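Asks: So that you have it, the file is entry_7.cif, and it contains mmCIF, C-alpha atoms; chains and numbers go by the auth columns:
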data_run
loop_
_atom_site.group_PDB
_atom_site.id
_atom_site.type_symbol
_atom_site.label_atom_id
_atom_site.label_comp_id
_atom_site.label_asym_id
_atom_site.label_seq_id
_atom_site.Cartn_x
_atom_site.Cartn_y
_atom_site.Cartn_z
_atom_site.B_iso_or_equiv
_atom_site.auth_seq_id
_atom_site.auth_asym_id
ATOM 1 C CA MET A 1 -2.387 -1.763 -12.348 0.00 1 A
ATOM 2 C CA GLY A 2 -1.493 -4.152 -9.544 0.00 2 A
ATOM 3 C CA PHE A 3 -3.731 -5.961 -7.116 0.00 3 A
ATOM 4 C CA ILE A 4 -3.868 -6.896 -3.471 0.00 4 A
ATOM 5 C CA PHE A 5 -5.718 -10.142 -2.814 0.00 5 A
ATOM 6 C CA TYR A 6 -6.775 -10.113 0.828 0.00 6 A
ATOM 7 C CA ASP A 7 -8.468 -13.084 2.481 0.00 7 A
ATOM 8 C CA SER A 8 -10.228 -15.644 0.346 0.00 8 A
ATOM 9 C CA THR A 9 -13.661 -14.058 0.033 0.00 9 A
ATOM 10 C CA SER A 10 -13.242 -10.564 -1.361 0.00 10 A
ATOM 11 C CA GLY A 11 -12.273 -9.484 -4.857 0.00 11 A
ATOM 12 C CA PRO A 12 -8.926 -7.895 -5.674 0.00 12 A
ATOM 13 C CA ILE A 13 -8.041 -4.375 -4.577 0.00 13 A
ATOM 14 C CA HIS A 14 -6.773 -2.401 -7.587 0.00 14 A
ATOM 15 C CA ILE A 15 -3.739 -0.202 -6.885 0.00 15 A
ATOM 16 C CA GLU A 16 -1.279 1.259 -9.395 0.00 16 A
ATOM 17 C CA ASP A 17 1.951 -0.803 -9.588 0.00 17 A
ATOM 18 C CA ARG A 18 4.300 1.917 -8.337 0.00 18 A
ATOM 19 C CA ALA A 19 2.122 2.723 -5.323 0.00 19 A
ATOM 20 C CA LEU A 20 1.636 -0.982 -4.621 0.00 20 A
ATOM 21 C CA ALA A 21 5.405 -1.609 -4.600 0.00 21 A
ATOM 22 C CA HIS A 22 5.813 1.041 -1.899 0.00 22 A
ATOM 23 C CA LEU A 23 2.810 -0.169 0.080 0.00 23 A
ATOM 24 C CA LYS A 24 4.198 -3.716 -0.028 0.00 24 A
ATOM 25 C CA VAL A 25 7.351 -2.598 1.795 0.00 25 A
ATOM 26 C CA VAL A 26 5.374 -0.889 4.554 0.00 26 A
ATOM 27 C CA ILE A 27 2.790 -3.656 4.908 0.00 27 A
ATOM 28 C CA ALA A 28 5.435 -6.391 4.984 0.00 28 A
ATOM 29 C CA THR A 29 7.387 -4.495 7.650 0.00 29 A
ATOM 30 C CA LYS A 30 4.350 -4.217 9.922 0.00 30 A
ATOM 31 C CA LEU A 31 3.175 -7.801 9.401 0.00 31 A
ATOM 32 C CA ARG A 32 6.695 -9.157 9.943 0.00 32 A
ATOM 33 C CA ARG A 33 6.530 -7.486 13.381 0.00 33 A
ATOM 34 C CA ASN A 34 3.208 -9.272 13.933 0.00 34 A
ATOM 35 C CA GLU A 35 1.372 -5.936 14.050 0.00 35 A
ATOM 36 C CA SER A 36 -2.197 -5.406 12.831 0.00 36 A
ATOM 37 C CA PHE A 37 -3.390 -2.133 11.268 0.00 37 A
ATOM 38 C CA THR A 38 -5.844 -0.647 8.775 0.00 38 A
ATOM 39 C CA LEU A 39 -5.232 0.288 5.142 0.00 39 A
ATOM 40 C CA SER A 40 -7.412 2.989 3.576 0.00 40 A
ATOM 41 C CA TRP A 41 -7.567 4.287 -0.002 0.00 41 A
ATOM 42 C CA LYS A 42 -9.768 6.404 -2.260 0.00 42 A
ATOM 43 C CA HIS A 43 -11.537 4.508 -5.026 0.00 43 A
ATOM 44 C CA PRO A 44 -9.848 5.016 -8.417 0.00 44 A
ATOM 45 C CA GLN A 45 -11.337 7.136 -11.176 0.00 45 A
ATOM 46 C CA GLY A 46 -13.804 5.268 -13.330 0.00 46 A
ATOM 47 C CA THR A 47 -15.254 3.378 -10.355 0.00 47 A
ATOM 48 C CA PRO A 48 -17.993 4.380 -7.927 0.00 48 A
ATOM 49 C CA GLY A 49 -16.662 7.147 -5.685 0.00 49 A
ATOM 50 C CA GLY A 50 -15.762 6.854 -2.074 0.00 50 A
ATOM 51 C CA ARG A 51 -13.075 5.123 -0.096 0.00 51 A
ATOM 52 C CA SER A 52 -12.431 1.765 1.524 0.00 52 A
ATOM 53 C CA THR A 53 -10.623 0.488 4.604 0.00 53 A
ATOM 54 C CA ILE A 54 -9.508 -3.050 5.428 0.00 54 A
ATOM 55 C CA TRP A 55 -8.042 -4.504 8.607 0.00 55 A
ATOM 56 C CA LEU A 56 -4.692 -6.196 7.965 0.00 56 A
ATOM 57 C CA HIS A 57 -3.661 -8.987 10.323 0.00 57 A
ATOM 58 C CA PRO A 58 -0.708 -11.398 10.037 0.00 58 A
ATOM 59 C CA SER A 59 -2.998 -14.460 10.079 0.00 59 A
ATOM 60 C CA ILE A 60 -5.102 -13.387 7.071 0.00 60 A
ATOM 61 C CA PRO A 61 -3.783 -14.466 3.636 0.00 61 A
ATOM 62 C CA LEU A 62 -2.382 -11.602 1.571 0.00 62 A
ATOM 63 C CA ARG A 63 -0.932 -11.623 -1.968 0.00 63 A
ATOM 64 C CA PHE A 64 0.416 -8.797 -4.135 0.00 64 A
ATOM 65 C CA THR A 65 0.413 -9.082 -7.940 0.00 65 A
ATOM 66 C CA PHE A 66 1.957 -6.588 -10.351 0.00 66 A
ATOM 67 C CA ASP A 67 1.483 -5.941 -14.074 0.00 67 A
ATOM 68 C CA GLU A 68 5.157 -5.044 -14.456 0.00 68 A
ATOM 69 C CA ALA A 69 7.690 -7.877 -14.233 0.00 69 A
ATOM 70 C CA ASP A 70 10.481 -5.648 -12.884 0.00 70 A
ATOM 71 C CA PRO A 71 10.071 -3.783 -9.596 0.00 71 A
ATOM 72 C CA PRO A 72 10.354 0.013 -9.735 0.00 72 A
ATOM 73 C CA GLU A 73 13.108 1.940 -8.017 0.00 73 A
ATOM 74 C CA LEU A 74 11.738 2.758 -4.588 0.00 74 A
ATOM 75 C CA ASN A 75 11.379 6.302 -3.277 0.00 75 A
ATOM 76 C CA GLN A 76 12.578 6.282 0.349 0.00 76 A
ATOM 77 C CA LYS A 77 10.729 9.533 1.187 0.00 77 A
ATOM 78 C CA TRP A 78 7.433 8.011 0.066 0.00 78 A
ATOM 79 C CA ILE A 79 8.091 4.895 2.157 0.00 79 A
ATOM 80 C CA GLU A 80 8.852 7.120 5.171 0.00 80 A
ATOM 81 C CA ARG A 81 5.597 9.035 4.630 0.00 81 A
ATOM 82 C CA LEU A 82 3.632 5.791 4.389 0.00 82 A
ATOM 83 C CA MET A 83 5.375 4.426 7.520 0.00 83 A
ATOM 84 C CA TYR A 84 4.464 7.596 9.401 0.00 84 A
ATOM 85 C CA SER A 85 0.865 7.072 8.302 0.00 85 A
ATOM 86 C CA VAL A 86 0.729 3.385 9.310 0.00 86 A
ATOM 87 C CA ASN A 87 2.086 4.211 12.765 0.00 87 A
ATOM 88 C CA SER A 88 -0.693 6.740 13.386 0.00 88 A
ATOM 89 C CA SER A 89 -3.961 5.865 15.092 0.00 89 A
ATOM 90 C CA GLY A 90 -5.755 6.026 11.726 0.00 90 A
ATOM 91 C CA GLY A 91 -3.625 3.329 10.101 0.00 91 A
ATOM 92 C CA ILE A 92 -1.968 3.524 6.706 0.00 92 A
ATOM 93 C CA THR A 93 -3.533 5.805 4.126 0.00 93 A
ATOM 94 C CA LEU A 94 -2.398 5.559 0.524 0.00 94 A
ATOM 95 C CA VAL A 95 -0.951 9.044 0.024 0.00 95 A
ATOM 96 C CA ASP A 96 0.550 10.600 -3.097 0.00 96 A
ATOM 97 C CA GLU A 97 4.215 10.046 -3.851 0.00 97 A
ATOM 98 C CA VAL A 98 6.685 12.499 -2.369 0.00 98 A
ATOM 99 C CA LEU A 99 9.017 13.589 -5.159 0.00 99 A
ATOM 100 C CA PRO A 100 12.614 14.501 -4.391 0.00 100 A
ATOM 101 C CA PRO A 101 13.391 18.242 -4.758 0.00 101 A
ATOM 102 C CA ASP A 102 15.534 17.669 -7.867 0.00 102 A
ATOM 103 C CA ALA A 103 12.713 15.780 -9.670 0.00 103 A
ATOM 104 C CA ASP A 104 11.099 19.051 -10.783 0.00 104 A
ATOM 105 C CA GLY A 105 13.718 19.549 -13.470 0.00 105 A
#
Take the structure I supplied and represent it as structure tokens, if you would.
Replies:
Amino acid sequence: MGFIFYDSTSGPIHIEDRALAHLKVVIATKLRRNESFTLSWKHPQGTPGGRSTIWLHPSIPLRFTFDEADPPELNQKWIERLMYSVNSSGGITLVDEVLPPDADG
């Protein structure tokens, strides 16, 4: 389980390492372009239900931490799906991974 630490006042946002690695690529791309946007996610199982949204802005401190020392191999289709989401009016929504057709076996 990885974490996003956003600003200096709120607690960490818990996101699974693999999903966080993909989100990091999309978030870094947008912030590097000096673009602001929202990030929304459903609360994980075992926590009170619901969902959360934060406003991401290049001037607000942001740090990603991962449980795994080595980064996972990235799934380009999932990154494309997340990029499509972040470029919509609703901002980025953490969506399920898109598996390649040959991943089914």
Asks: On this file, the PyMOL selection byres ((chain A and resi 54) around 7) gives some set of residues; write that set as an MDAnalysis selection string.
Replies: chainID A and resid 38:40 52:53 55:56
Asks: Please, could you write that set of residues out with C-alpha atoms as a PDB file, in the frame of the given file?
Replies:
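Done, and the output landed in again37.pdb:
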ATOM      1  CA  THR A  38      -5.844  -0.647   8.775  1.00  0.00           C
ATOM      2  CA  LEU A  39      -5.232   0.288   5.142  1.00  0.00           C
ATOM      3  CA  SER A  40      -7.412   2.989   3.576  1.00  0.00           C
ATOM      4  CA  SER A  52     -12.431   1.765   1.524  1.00  0.00           C
ATOM      5  CA  THR A  53     -10.623   0.488   4.604  1.00  0.00           C
ATOM      6  CA  TRP A  55      -8.042  -4.504   8.607  1.00  0.00           C
ATOM      7  CA  LEU A  56      -4.692  -6.196   7.965  1.00  0.00           C
TER       8      LEU A  56
END
Asks: Please determine, counting only C-alpha atoms, which residue among A:Gly11, A:Ser88, A:Ile4, A:Glu35 has the shortest atom-to-atom distance to A:Pro58.
Replies: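 For A:Pro58, the nearest of the given residues is A:Glu35.
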Asks: Can you give me, as a list in words, the residues this file yields under the PyMOL selection byres ((chain A and resi 97) around 6)?
Replies: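 On the file shown, the PyMOL selection byres ((chain A and resi 97) around 6) covers Trp78, Asp96 and Val98 of chain A.
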Asks: Find the spatial neighbours of A:Ala21, counting only C-alpha atoms, within a cut-off of 12 Å - ignore same-chain residues fewer than 5 positions away - and output them as an mmCIF file with C-alpha atoms, in the coordinates of the input.
Replies:
data_model
loop_
_atom_site.group_PDB
_atom_site.id
_atom_site.type_symbol
_atom_site.label_atom_id
_atom_site.label_comp_id
_atom_site.auth_asym_id
_atom_site.auth_seq_id
_atom_site.Cartn_x
_atom_site.Cartn_y
_atom_site.Cartn_z
ATOM 1 C CA MET A 1 -2.387 -1.763 -12.348
ATOM 2 C CA GLY A 2 -1.493 -4.152 -9.544
ATOM 3 C CA PHE A 3 -3.731 -5.961 -7.116
ATOM 4 C CA ILE A 4 -3.868 -6.896 -3.471
ATOM 5 C CA ILE A 15 -3.739 -0.202 -6.885
ATOM 6 C CA GLU A 16 -1.279 1.259 -9.395
ATOM 7 C CA VAL A 26 5.374 -0.889 4.554
ATOM 8 C CA ILE A 27 2.790 -3.656 4.908
ATOM 9 C CA ALA A 28 5.435 -6.391 4.984
ATOM 10 C CA PHE A 64 0.416 -8.797 -4.135
ATOM 11 C CA THR A 65 0.413 -9.082 -7.940
ATOM 12 C CA PHE A 66 1.957 -6.588 -10.351
ATOM 13 C CA ASP A 67 1.483 -5.941 -14.074
ATOM 14 C CA GLU A 68 5.157 -5.044 -14.456
ATOM 15 C CA ALA A 69 7.690 -7.877 -14.233
ATOM 16 C CA ASP A 70 10.481 -5.648 -12.884
ATOM 17 C CA PRO A 71 10.071 -3.783 -9.596
ATOM 18 C CA PRO A 72 10.354 0.013 -9.735
ATOM 19 C CA GLU A 73 13.108 1.940 -8.017
ATOM 20 C CA LEU A 74 11.738 2.758 -4.588
ATOM 21 C CA ASN A 75 11.379 6.302 -3.277
ATOM 22 C CA GLN A 76 12.578 6.282 0.349
ATOM 23 C CA TRP A 78 7.433 8.011 0.066
ATOM 24 C CA ILE A 79 8.091 4.895 2.157
ATOM 25 C CA LEU A 82 3.632 5.791 4.389
ATOM 26 C CA LEU A 94 -2.398 5.559 0.524
ATOM 27 C CA GLU A 97 4.215 10.046 -3.851
#
Asks: So the first atom is atom CA of A:Trp41 and the second is atom CA of A:Thr93; what is the distance between them in Å, to one decimal place?
Replies: 6.0 Å
Asks: In Å to one decimal, how far is atom CA of A:Arg33 from atom CA of A:His57?
Replies: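 Between these atoms lies a distance of 10.7 Å.
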Asks: I want to know what sits within 9 Å of A:Pro44, based on all atoms listed in the file, with residues of the same chain fewer than 6 positions away left out; could you give that as a count of residues only?
Replies: 4
